[in-house]
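Student: First, the structure itself, so that you have it in front of you.
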Amino acid sequence: MKAVDTNVIIHGRGLNEELITIPEVLKELKSSKASTSIHGFHVETYTPSAYCFEKVNEKASEINSQASEVDKKLLALSMEKNVELITDDKELQNLALHLDVEVSGFLDPVTEEKLSWKMICPNCGKNKGCSCGSSLVRKLDQRSSV
Ligand SMILES: [Zn+2]
């Protein structure tokens with residue numbers, strides 16, 4: 001069984017695997033034009049525990065990930081079910097690597113670098129104690145190969 005995101009479900013007719021995702025992903029699909037493409041295509045859904053979602057959120061804040069709420073929930077599902085995650089979303093792939101969740105790309109190869117960012121003021125470059133009043137911007141902090 002593999003956990004999949006919206007994009008993989010839309011293009012994943014040929015996947016010879018049991019697929020699982022979170023209910024939000026299917027809801028998203030049903031309200032879009034892509035709904036016809038999931039006709040006759042079985043995808044199980046599961047809602048991950050608050051505990052696993054919290055773990056993902058903690059790591060996301062730690063590295064300043066910009067993964068969406070839906071993506072973080074999907075990652076929590078992979079973690080909880082201990083299944084590989086298939087996604088082409090680089091932000092989500094990166095977060096999965098930080099949490100040691102097995103991840104692979106679908107149309108593109110998976111990222112080969114693990115990144116983390118810091119938030120700094122674009123004026124003075126400080127990450128705290130800045131009095132410029134500018135909103136902080138994300139800057140690459142650490143990079144390591146996988
Ligand atoms: Zn500043």
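Labels used: A, B, ... for chains in the order of the structure tokens, numbers from 1 for residues in each chain, and numbers from 1 for ligands as shown.
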Please provide the set of residues having any atom within 8 Å of range 117-125 of chain A, restricted to only C-alpha atoms, with same-chain residues fewer than 6 positions apart removed, written as JSON, numbers by chain.

Tutor: {"A": [63, 64, 65, 132, 134, 135, 136, 137, 138, 139, 140, 141, 142]}

Student: How about saving the chosen residues, N, CA and C atoms kept, as a tab-separated table (two decimals), in the first residue's frame?

Tutor:
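Contents of the output file part_16.tsv:
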chain	number	residue	atom	x	y	z
A	63	ILE	N	11.91	23.36	10.81
A	63	ILE	CA	12.70	23.62	9.59
A	63	ILE	C	12.08	24.71	8.72
A	64	ASN	N	11.01	25.35	9.20
A	64	ASN	CA	10.29	26.37	8.43
A	64	ASN	C	9.81	25.85	7.08
A	65	SER	N	9.22	24.68	7.11
A	65	SER	CA	8.64	24.09	5.90
A	65	SER	C	7.39	24.87	5.51
A	132	CYS	N	12.72	46.54	12.63
A	132	CYS	CA	12.37	47.17	11.35
A	132	CYS	C	10.88	47.11	11.07
A	134	SER	N	9.49	44.78	9.36
A	134	SER	CA	9.23	44.06	8.11
A	134	SER	C	8.78	42.65	8.41
A	135	SER	N	8.02	42.05	7.49
A	135	SER	CA	7.69	40.65	7.71
A	135	SER	C	8.90	39.81	7.32
A	136	LEU	N	9.13	38.76	8.10
A	136	LEU	CA	10.30	37.91	7.90
A	136	LEU	C	10.18	37.12	6.59
A	137	VAL	N	11.31	36.86	5.97
A	137	VAL	CA	11.33	36.04	4.75
A	137	VAL	C	12.12	34.76	4.99
A	138	ARG	N	11.84	33.76	4.19
A	138	ARG	CA	12.48	32.46	4.37
A	138	ARG	C	13.83	32.42	3.63
A	139	LYS	N	14.85	31.96	4.33
A	139	LYS	CA	16.17	31.87	3.70
A	139	LYS	C	16.75	30.48	3.96
A	140	LEU	N	17.40	29.90	2.95
A	140	LEU	CA	17.97	28.57	3.12
A	140	LEU	C	18.99	28.56	4.25
A	141	ASP	N	18.87	27.61	5.15
A	141	ASP	CA	19.74	27.55	6.31
A	141	ASP	C	20.71	26.39	6.19
A	142	GLN	N	20.19	25.17	6.02
A	142	GLN	CA	21.06	24.01	5.92
A	142	GLN	C	20.65	23.14	4.73

Student: So that I can check the surroundings of Thr6 in chain A, please list as a list in words every protein, DNA and RNA residue that reaches within 9 Å of it, counting only C-alpha atoms and ignoring chain neighbours fewer than 3 positions away.

Tutor: Ile9, Ile10, His11, Thr21, Val25, Leu26, Glu28, Leu29 and Thr87 of chain A

Student: Have a look at CA of Ser68 in chain A and atom 1 (Zn, counted along the ligand's line) of ligand 1 and let me know their distance in Å, one decimal.

Tutor: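 So the two atoms, CA of Ser68 in chain A and atom 1 (Zn, counted along the ligand's line) of ligand 1, lie 26.8 Å apart.
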
Student: If you run DSSP on this backbone, which residues of chain A come out as helix (DSSP H, G or I), and could you give them as a ChimeraX atom specification?

Tutor: /A:6-11,23-30,33-38,50-63,69-81,90-98

Student: Tell me which protein, DNA and RNA residues are within 12 Å of Val146 in chain A, counting only C-alpha atoms, leaving out same-chain ones fewer than 6 positions away, and put them as a list in words.

Tutor: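 These residues fall inside the cut-off: Gln93, Asn94, Ala96, Leu97, His98, Asp100, Glu102, Val103, Val110, Thr111, Glu112, Glu113, Lys114 and Leu115 of chain A.
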
Student: Could you take the residues named above and write them with C-alpha atoms, as an mmCIF file, in the first residue's frame?

Tutor:
data_model
loop_
_atom_site.group_PDB
_atom_site.id
_atom_site.type_symbol
_atom_site.label_atom_id
_atom_site.label_comp_id
_atom_site.auth_asym_id
_atom_site.auth_seq_id
_atom_site.Cartn_x
_atom_site.Cartn_y
_atom_site.Cartn_z
ATOM 1 C CA GLN A 93 9.219 15.336 -0.032
ATOM 2 C CA ASN A 94 11.674 17.402 1.971
ATOM 3 C CA ALA A 96 9.164 13.502 4.716
ATOM 4 C CA LEU A 97 12.959 13.111 4.547
ATOM 5 C CA HIS A 98 13.324 15.022 7.801
ATOM 6 C CA ASP A 100 12.460 9.493 7.986
ATOM 7 C CA GLU A 102 9.988 6.678 2.898
ATOM 8 C CA VAL A 103 9.115 8.923 -0.048
ATOM 9 C CA VAL A 110 12.581 12.397 -5.619
ATOM 10 C CA THR A 111 14.685 15.266 -4.287
ATOM 11 C CA GLU A 112 18.277 14.384 -3.370
ATOM 12 C CA GLU A 113 18.795 17.114 -0.826
ATOM 13 C CA LYS A 114 17.443 17.676 2.627
ATOM 14 C CA LEU A 115 16.855 21.377 3.239
#
